[in-house]
$ cat structure16.pdb   # PDB, C-alpha atoms and all ligand atoms
ATOM      1  CA  MET I   1     -19.210  -9.395 -30.660
ATOM      2  CA  SER I   2     -21.628  -9.122 -27.775
ATOM      3  CA  MET I   3     -20.973 -10.764 -24.477
ATOM      4  CA  GLN I   4     -23.711 -12.466 -22.556
ATOM      5  CA  CYS I   5     -24.059 -13.478 -18.942
ATOM      6  CA  PRO I   6     -23.616 -17.256 -18.714
ATOM      7  CA  SER I   7     -26.113 -17.405 -15.824
ATOM      8  CA  CYS I   8     -29.080 -15.368 -17.034
ATOM      9  CA  GLY I   9     -28.233 -14.601 -20.673
ATOM     10  CA  SER I  10     -28.402 -10.846 -20.128
ATOM     11  CA  SER I  11     -26.125  -8.672 -22.263
ATOM     12  CA  HIS I  12     -26.030  -5.963 -19.599
ATOM     13  CA  ILE I  13     -22.609  -6.934 -18.359
ATOM     14  CA  GLN I  14     -19.497  -4.853 -17.838
ATOM     15  CA  PRO I  15     -15.901  -5.528 -16.812
ATOM     16  CA  MET I  16     -15.323  -5.170 -13.061
ATOM     17  CA  ALA I  17     -12.893  -2.315 -13.731
ATOM     18  CA  VAL I  18     -15.582  -0.334 -15.591
ATOM     19  CA  VAL I  19     -18.172  -0.904 -12.852
ATOM     20  CA  HIS I  20     -15.646   0.174 -10.243
ATOM     21  CA  ALA I  21     -14.602   3.337 -12.105
ATOM     22  CA  GLY I  22     -18.199   4.252 -12.921
ATOM     23  CA  GLY I  23     -19.312   4.066  -9.282
ATOM     24  CA  THR I  24     -16.387   5.925  -7.782
ATOM     25  CA  GLN I  25     -16.600   9.689  -7.616
ATOM     26  CA  HIS I  26     -13.791  11.981  -6.663
ATOM     27  CA  PHE I  27     -15.002  15.163  -5.113
ATOM     28  CA  HIS I  28     -13.552  18.425  -4.052
ATOM     29  CA  ALA I  29     -15.768  20.743  -2.043
ATOM     30  CA  THR I  30     -15.205  24.185  -0.671
ATOM     31  CA  HIS I  31     -17.019  25.534   2.337
ATOM     32  CA  MET I  32     -17.354  29.107   3.500
ATOM     33  CA  ALA I  33     -18.012  29.905   7.103
ATOM     34  CA  VAL I  34     -18.193  33.036   9.186
ATOM     35  CA  THR I  35     -16.496  32.967  12.547
ATOM     36  CA  SER I  36     -17.896  34.653  15.656
ATOM     37  CA  ASP I  37     -15.782  37.780  15.081
ATOM     38  CA  GLY I  38     -17.152  38.225  11.578
ATOM     39  CA  GLN I  39     -14.321  36.813   9.503
ATOM     40  CA  PHE I  40     -14.731  34.592   6.528
ATOM     41  CA  VAL I  41     -12.885  31.336   6.640
ATOM     42  CA  GLN I  42     -12.570  28.903   3.841
ATOM     43  CA  GLY I  43     -12.201  25.211   4.182
ATOM     44  CA  SER I  44     -12.148  22.467   1.668
ATOM     45  CA  SER I  45     -12.562  18.773   1.705
ATOM     46  CA  GLN I  46     -11.692  16.231  -0.880
ATOM     47  CA  GLY I  47     -11.725  12.532  -1.225
ATOM     48  CA  SER I  48     -13.417   9.799  -3.099
ATOM     49  CA  GLN I  49     -16.753   8.160  -2.639
ATOM     50  CA  SER I  50     -17.798   4.902  -4.083
ATOM     51  CA  THR I  51     -21.096   3.143  -4.214
ATOM     52  CA  ALA I  52     -21.595  -0.250  -2.628
ATOM     53  CA  LEU I  53     -21.548  -1.782  -6.104
ATOM     54  CA  ALA I  54     -18.260  -0.078  -6.957
ATOM     55  CA  GLN I  55     -16.786  -1.338  -3.694
ATOM     56  CA  HIS I  56     -18.007  -4.808  -4.544
ATOM     57  CA  CYS I  57     -16.132  -4.552  -7.848
ATOM     58  CA  ALA I  58     -13.018  -2.917  -6.356
ATOM     59  CA  PRO I  59      -9.621  -4.232  -7.452
ATOM     60  CA  PRO I  60      -7.458  -6.213  -5.010
ATOM     61  CA  VAL I  61      -5.218  -4.115  -2.768
ATOM     62  CA  PRO I  62      -1.481  -4.451  -3.385
ATOM     63  CA  PRO I  63       0.673  -5.385  -0.371
ATOM     64  CA  SER I  64       2.822  -2.587   0.999
ATOM     65  CA  PRO I  65       6.612  -3.032   0.835
ATOM     66  CA  LEU I  66       7.080  -0.329   3.499
ATOM     67  CA  PRO I  67       7.441  -2.647   6.541
ATOM     68  CA  PHE I  68      10.460  -4.470   5.155
ATOM     69  CA  ILE I  69      12.002  -1.354   3.624
ATOM     70  CA  GLY I  70      11.671   0.348   7.016
ATOM     71  CA  ALA I  71      13.151  -2.660   8.818
ATOM     72  CA  TYR I  72      16.110  -2.720   6.394
ATOM     73  CA  GLY I  73      16.651   0.966   7.057
ATOM     74  CA  ILE I  74      16.563   0.561  10.829
ATOM     75  CA  GLY I  75      18.909  -2.455  10.696
ATOM     76  CA  GLY I  76      21.284  -0.520   8.447
ATOM     77  CA  ILE I  77      21.286   2.481  10.773
ATOM     78  CA  ILE I  78      21.985   0.293  13.832
ATOM     79  CA  ILE I  79      24.926  -1.361  12.064
ATOM     80  CA  TYR I  80      26.231   1.969  10.807
ATOM     81  CA  MET I  81      26.013   3.396  14.321
ATOM     82  CA  SER I  82      27.981   0.446  15.683
ATOM     83  CA  MET I  83      30.726   1.296  13.169
ATOM     84  CA  THR I  84      31.131   4.738  14.654
ATOM     85  CA  VAL I  85      32.675   5.701  17.946
ATOM     86  CA  CYS I  86      31.482   8.741  19.792
ATOM     87  CA  PRO I  87      34.109   9.604  22.362
ATOM     88  CA  LEU I  88      33.098  11.610  25.390
ATOM     89  CA  LEU I  89      33.560  15.363  24.845
ATOM     90  CA  ALA I  90      34.067  14.839  21.119
ATOM     91  CA  ARG I  91      31.872  16.866  18.817
ATOM     92  CA  GLU I  92      31.535  14.339  16.054
ATOM     93  CA  CYS I  93      31.373  10.615  15.878
ATOM     94  CA  VAL I  94      34.263   8.918  14.164
ATOM     95  CA  TYR I  95      33.675   6.278  11.564
ATOM     96  CA  VAL I  96      35.854   3.306  12.427
ATOM     97  CA  GLY I  97      34.326   0.607  10.230
ATOM     98  CA  MET I  98      35.083  -3.007  11.028
ATOM     99  CA  ALA I  99      37.021  -2.178  14.182
ATOM    100  CA  GLY I 100      33.864  -0.564  15.537
ATOM    101  CA  LEU I 101      31.872  -3.650  14.597
ATOM    102  CA  ARG I 102      34.185  -5.791  16.723
ATOM    103  CA  TYR I 103      34.000  -3.330  19.594
ATOM    104  CA  ASN I 104      30.204  -2.853  19.378
ATOM    105  CA  TRP I 105      29.458  -6.421  18.413
ATOM    106  CA  LYS I 106      26.329  -6.578  20.579
ATOM    107  CA  GLN I 107      24.823  -3.604  18.798
ATOM    108  CA  ALA I 108      25.922  -4.998  15.429
ATOM    109  CA  ALA I 109      24.252  -8.302  16.299
ATOM    110  CA  VAL I 110      21.000  -6.459  17.002
ATOM    111  CA  GLY I 111      21.325  -4.730  13.622
ATOM    112  CA  ILE I 112      21.911  -8.046  11.866
ATOM    113  CA  GLY I 113      18.895  -9.471  13.702
ATOM    114  CA  VAL I 114      16.728  -6.606  12.452
ATOM    115  CA  ILE I 115      18.013  -7.164   8.901
ATOM    116  CA  ALA I 116      17.248 -10.880   9.191
ATOM    117  CA  LEU I 117      13.740  -9.958  10.300
ATOM    118  CA  SER I 118      13.321  -7.595   7.356
ATOM    119  CA  TRP I 119      14.477 -10.374   5.044
ATOM    120  CA  LEU I 120      11.645 -12.526   6.411
ATOM    121  CA  LEU I 121       9.229  -9.615   5.934
ATOM    122  CA  MET I 122      10.460  -9.248   2.366
ATOM    123  CA  LYS I 123       9.858 -12.932   1.672
ATOM    124  CA  GLY I 124       6.327 -12.588   3.038
ATOM    125  CA  TRP I 125       5.785  -9.490   0.918
ATOM    126  CA  HIS I 126       7.061 -11.282  -2.160
ATOM    127  CA  ALA I 127       4.534 -14.095  -1.654
ATOM    128  CA  GLN I 128       1.747 -11.549  -1.126
ATOM    129  CA  ALA I 129       2.801  -9.640  -4.245
ATOM    130  CA  LYS I 130       2.608 -12.831  -6.311
ATOM    131  CA  ALA I 131      -0.868 -13.587  -4.952
ATOM    132  CA  TYR I 132      -1.839  -9.976  -5.634
ATOM    133  CA  SER I 133      -0.767 -10.020  -9.287
ATOM    134  CA  ALA I 134      -2.718 -13.254  -9.813
ATOM    135  CA  ALA I 135      -5.783 -11.699  -8.159
ATOM    136  CA  LYS I 136      -5.343  -8.537 -10.230
ATOM    137  CA  ARG I 137      -5.196 -10.503 -13.503
ATOM    138  CA  GLN I 138      -8.316 -12.379 -12.429
ATOM    139  CA  TRP I 139     -10.046  -9.110 -11.561
ATOM    140  CA  GLN I 140      -9.131  -7.590 -14.933
ATOM    141  CA  SER I 141     -10.800 -10.430 -16.793
ATOM    142  CA  THR I 142     -13.896 -10.611 -14.587
ATOM    143  CA  TRP I 143     -17.214  -9.331 -15.832
ATOM    144  CA  PHE I 144     -20.090  -8.184 -13.667
ATOM    145  CA  CYS I 145     -23.704  -8.855 -14.671
ATOM    146  CA  HIS I 146     -26.055  -6.022 -13.719
ATOM    147  CA  THR I 147     -29.106  -8.198 -14.205
ATOM    148  CA  CYS I 148     -28.365 -11.062 -11.845
ATOM    149  CA  GLY I 149     -25.569  -9.354  -9.876
ATOM    150  CA  GLN I 150     -23.055 -12.106 -10.424
ATOM    151  CA  ALA I 151     -19.432 -11.892 -11.418
ATOM    152  CA  HIS I 152     -18.218 -14.146 -14.225
ATOM    153  CA  ARG I 153     -14.913 -14.984 -15.778
ATOM    154  CA  PRO I 154     -15.045 -15.946 -19.440
ATOM    155  CA  THR I 155     -13.127 -19.151 -19.940
TER     156      THR I 155
HETATM  157 ZN    ZN I 201     -26.631 -12.511 -15.208
END
$ encode --input "structure16.pdb" --output "structure tokens"
Amino acid sequence: MSMQCPSCGSSHIQPMAVVHAGGTQHFHATHMAVTSDGQFVQGSSQGSQSTALAQHCAPPVPPSPLPFIGAYGIGGIIIYMSMTVCPLLARECVYVGMAGLRYNWKQAAVGIGVIALSWLLMKGWHAQAKAYSAAKRQWQSTWFCHTCGQAHRPT
């Protein structure tokens, strides 16, 4: 079965993923240099390079869960710290649990506030992740026509 571009009828079409992979090159280069005191030094650089066309056909970028994971961590640490008591001159903090929460309630409230914030961040991330998976599915089924330069989705 041969696919054809619905706009110009050309059969020179490829999935976006193939165009993207074909135009992206990963390189690793090594350089030699001689310093002023006559020593050889070696340096290397690596990375990836993609053509403008490959960038045009790049997949959607997934949202990062790190902000809310970090906020959960910070909130958890604040609450944990409010459950410990560090007496003056003592070497180690003592874990006192709920009693510490009552005593350090202001700090605990800050920790709960941070956790509430991270919950909001997580909800935002969840919505972004849903939009991302829809965009990714769309990208996977999109074809790029090399003749007219248009992207098409077979229906
Ligand atoms: Zn075309």
$ closest_atom_pairs --input "structure16.pdb" --of "chain I" --to "ligand ZN 201 (chain I)" --cutoff "10 Å" --atoms "only C-alpha atoms and all ligand atoms" --output "CSV"
residue,atom,partner,partner_atom,distance
I:Gln4,CA,I:ZN201,ZN,7.9
I:Cys5,CA,I:ZN201,ZN,4.6
I:Pro6,CA,I:ZN201,ZN,6.6
I:Ser7,CA,I:ZN201,ZN,5.0
I:Cys8,CA,I:ZN201,ZN,4.2
I:Gly9,CA,I:ZN201,ZN,6.1
I:Ser10,CA,I:ZN201,ZN,5.5
I:Ser11,CA,I:ZN201,ZN,8.0
I:His12,CA,I:ZN201,ZN,7.9
I:Ile13,CA,I:ZN201,ZN,7.6
I:Trp143,CA,I:ZN201,ZN,10.0
I:Phe144,CA,I:ZN201,ZN,8.0
I:Cys145,CA,I:ZN201,ZN,4.7
I:His146,CA,I:ZN201,ZN,6.7
I:Thr147,CA,I:ZN201,ZN,5.1
I:Cys148,CA,I:ZN201,ZN,4.1
I:Gly149,CA,I:ZN201,ZN,6.3
I:Gln150,CA,I:ZN201,ZN,6.0
I:Ala151,CA,I:ZN201,ZN,8.2
I:His152,CA,I:ZN201,ZN,8.6
$ residues_around --input "structure16.pdb" --residues "region 101-113 of chain I" --least-positions-apart "3" --cutoff "7 Å" --atoms "only C-alpha atoms" --output "ChimeraX atom specification"
/I:75-76,78-79,82-83,97-98,116-117
$ resolve_selection --input "structure16.pdb" --expression "the PyMOL selection byres (((chain I and resi 42) around 10) and not hetatm)" --output "PyMOL selection string"
chain I and resi 30-34+39-41+43-44
$ resolve_selection --input "structure16.pdb" --expression "the PyMOL selection byres (((chain I and resi 68) around 9) and not hetatm)" --output "ChimeraX atom specification"
/I:64-67,69-73,115,117-122,125
$ resolve_selection --input "structure16.pdb" --expression "the PyMOL selection byres (((chain I and resi 49) around 12) and not hetatm)" --output "number ranges by chain"
I: 20-28, 46-48, 50-55
$ atom_distance --input "structure16.pdb" --atom1 "CA of Ser45 (chain I)" --atom2 "CA of Ala58 (chain I)"
23.1 Å
$ axis_aligned_box --input "structure16.pdb" --around "region 45-64 of chain I" --padding-each-side "4 Å" --output "AutoDock Vina command-line options"
--center_x -9.4 --center_y 6.3 --center_z -3.1 --size_x 32.4 --size_y 33.0 --size_z 17.6
$ atom_distance --input "structure16.pdb" --atom1 "CA of Val19 (chain I)" --atom2 "CA of Arg137 (chain I)"
16.2 Å
$ atom_distance --input "structure16.pdb" --atom1 "CA of Cys57 (chain I)" --atom2 "CA of Pro15 (chain I)"
9.0 Å
$ closest_residue --input "structure16.pdb" --among "I:Met3, I:Ile74, I:Val61, I:Ala17" --to "Ala134 (chain I)" --atoms "all atoms listed in the file"
I:Val61
$ closest_residue --input "structure16.pdb" --among "I:Val114, I:Asp37, I:Glu92, I:Pro60" --to "Gln140 (chain I)" --atoms "only C-alpha atoms"
I:Pro60
$ residues_around --input "structure16.pdb" --residues "Lys130 (chain I)" --least-positions-apart "6" --cutoff "10 Å" --atoms "only C-alpha atoms" --output "list in words"
Pro62, Pro63 and Lys136 of chain I
$ residues_near_point --input "structure16.pdb" --point "(-11.1, -12.7, -14.8)" --cutoff "7 Å" --atoms "only C-alpha atoms" --output "ChimeraX atom specification"
/I:137-142,153-154
$ decode --input "structure16.pdb" --residues "region 107-148 of chain I" --atoms "N, CA and C atoms" --output "short mmCIF file (atom, residue, chain, number, x, y, z; two decimals), in the first residue's frame"
data_model
loop_
_atom_site.label_atom_id
_atom_site.label_comp_id
_atom_site.auth_asym_id
_atom_site.auth_seq_id
_atom_site.Cartn_x
_atom_site.Cartn_y
_atom_site.Cartn_z
N GLN I 107 5.37 26.19 62.04
CA GLN I 107 6.23 25.56 61.04
C GLN I 107 5.47 24.46 60.30
N ALA I 108 4.69 23.68 61.06
CA ALA I 108 3.90 22.61 60.45
C ALA I 108 2.91 23.18 59.45
N ALA I 109 2.33 24.35 59.80
CA ALA I 109 1.36 24.98 58.90
C ALA I 109 2.03 25.40 57.60
N VAL I 110 3.27 25.89 57.71
CA VAL I 110 4.02 26.25 56.50
C VAL I 110 4.23 25.00 55.65
N GLY I 111 4.61 23.89 56.31
CA GLY I 111 4.83 22.63 55.59
C GLY I 111 3.57 22.16 54.89
N ILE I 112 2.43 22.28 55.58
CA ILE I 112 1.16 21.86 54.97
C ILE I 112 0.82 22.78 53.80
N GLY I 113 1.15 24.08 53.96
CA GLY I 113 0.93 25.02 52.85
C GLY I 113 1.73 24.64 51.63
N VAL I 114 3.01 24.25 51.86
CA VAL I 114 3.86 23.86 50.73
C VAL I 114 3.31 22.60 50.07
N ILE I 115 2.80 21.66 50.90
CA ILE I 115 2.24 20.43 50.33
C ILE I 115 0.97 20.73 49.55
N ALA I 116 0.18 21.68 50.05
CA ALA I 116 -1.03 22.07 49.31
C ALA I 116 -0.64 22.68 47.96
N LEU I 117 0.43 23.47 47.97
CA LEU I 117 0.91 24.07 46.73
C LEU I 117 1.37 22.98 45.76
N SER I 118 2.09 21.97 46.30
CA SER I 118 2.59 20.93 45.41
C SER I 118 1.43 20.10 44.87
N TRP I 119 0.35 20.00 45.65
CA TRP I 119 -0.83 19.30 45.14
C TRP I 119 -1.41 20.03 43.94
N LEU I 120 -1.43 21.38 44.03
CA LEU I 120 -1.90 22.19 42.90
C LEU I 120 -0.97 22.00 41.69
N LEU I 121 0.34 22.00 41.97
CA LEU I 121 1.31 21.79 40.88
C LEU I 121 1.10 20.43 40.23
N MET I 122 0.78 19.42 41.06
CA MET I 122 0.58 18.08 40.54
C MET I 122 -0.67 18.03 39.66
N LYS I 123 -1.71 18.76 40.09
CA LYS I 123 -2.92 18.80 39.26
C LYS I 123 -2.64 19.43 37.90
N GLY I 124 -1.85 20.53 37.93
CA GLY I 124 -1.47 21.20 36.69
C GLY I 124 -0.65 20.27 35.81
N TRP I 125 0.27 19.53 36.46
CA TRP I 125 1.12 18.60 35.70
C TRP I 125 0.28 17.50 35.07
N HIS I 126 -0.70 17.03 35.83
CA HIS I 126 -1.56 15.96 35.34
C HIS I 126 -2.30 16.41 34.08
N ALA I 127 -2.81 17.65 34.10
CA ALA I 127 -3.52 18.18 32.93
C ALA I 127 -2.57 18.30 31.75
N GLN I 128 -1.34 18.77 32.03
CA GLN I 128 -0.34 18.91 30.96
C GLN I 128 0.03 17.54 30.39
N ALA I 129 0.14 16.55 31.28
CA ALA I 129 0.52 15.21 30.84
C ALA I 129 -0.56 14.62 29.93
N LYS I 130 -1.82 14.91 30.25
CA LYS I 130 -2.91 14.41 29.40
C LYS I 130 -2.85 15.05 28.03
N ALA I 131 -2.63 16.39 28.02
CA ALA I 131 -2.51 17.12 26.75
C ALA I 131 -1.31 16.60 25.98
N TYR I 132 -0.23 16.29 26.70
CA TYR I 132 0.98 15.79 26.04
C TYR I 132 0.73 14.45 25.38
N SER I 133 0.05 13.52 26.07
CA SER I 133 -0.13 12.20 25.47
C SER I 133 -1.04 12.28 24.26
N ALA I 134 -2.01 13.22 24.28
CA ALA I 134 -2.85 13.42 23.09
C ALA I 134 -2.02 13.97 21.94
N ALA I 135 -1.14 14.94 22.25
CA ALA I 135 -0.29 15.54 21.22
C ALA I 135 0.68 14.51 20.67
N LYS I 136 1.17 13.63 21.56
CA LYS I 136 2.13 12.61 21.14
C LYS I 136 1.47 11.61 20.20
N ARG I 137 0.23 11.19 20.53
CA ARG I 137 -0.49 10.26 19.66
C ARG I 137 -0.72 10.89 18.29
N GLN I 138 -1.06 12.19 18.31
CA GLN I 138 -1.30 12.92 17.07
C GLN I 138 -0.01 12.98 16.25
N TRP I 139 1.09 13.25 16.95
CA TRP I 139 2.39 13.35 16.28
C TRP I 139 2.77 12.01 15.65
N GLN I 140 2.49 10.91 16.37
CA GLN I 140 2.86 9.59 15.88
C GLN I 140 2.10 9.21 14.62
N SER I 141 0.93 9.79 14.43
CA SER I 141 0.15 9.41 13.25
C SER I 141 0.18 10.51 12.19
N THR I 142 1.10 11.47 12.34
CA THR I 142 1.20 12.55 11.36
C THR I 142 2.28 12.25 10.34
N TRP I 143 1.96 12.51 9.11
CA TRP I 143 2.90 12.30 8.01
C TRP I 143 3.34 13.64 7.46
N PHE I 144 4.60 13.69 7.04
CA PHE I 144 5.15 14.92 6.48
C PHE I 144 5.40 14.71 4.99
N CYS I 145 4.93 15.65 4.16
CA CYS I 145 5.13 15.57 2.72
C CYS I 145 6.35 16.39 2.34
N HIS I 146 7.34 15.73 1.74
CA HIS I 146 8.57 16.43 1.35
C HIS I 146 8.37 17.28 0.11
N THR I 147 7.31 17.03 -0.63
CA THR I 147 7.12 17.78 -1.86
C THR I 147 6.49 19.13 -1.60
N CYS I 148 5.40 19.14 -0.82
CA CYS I 148 4.76 20.43 -0.56
C CYS I 148 5.06 20.95 0.85
#
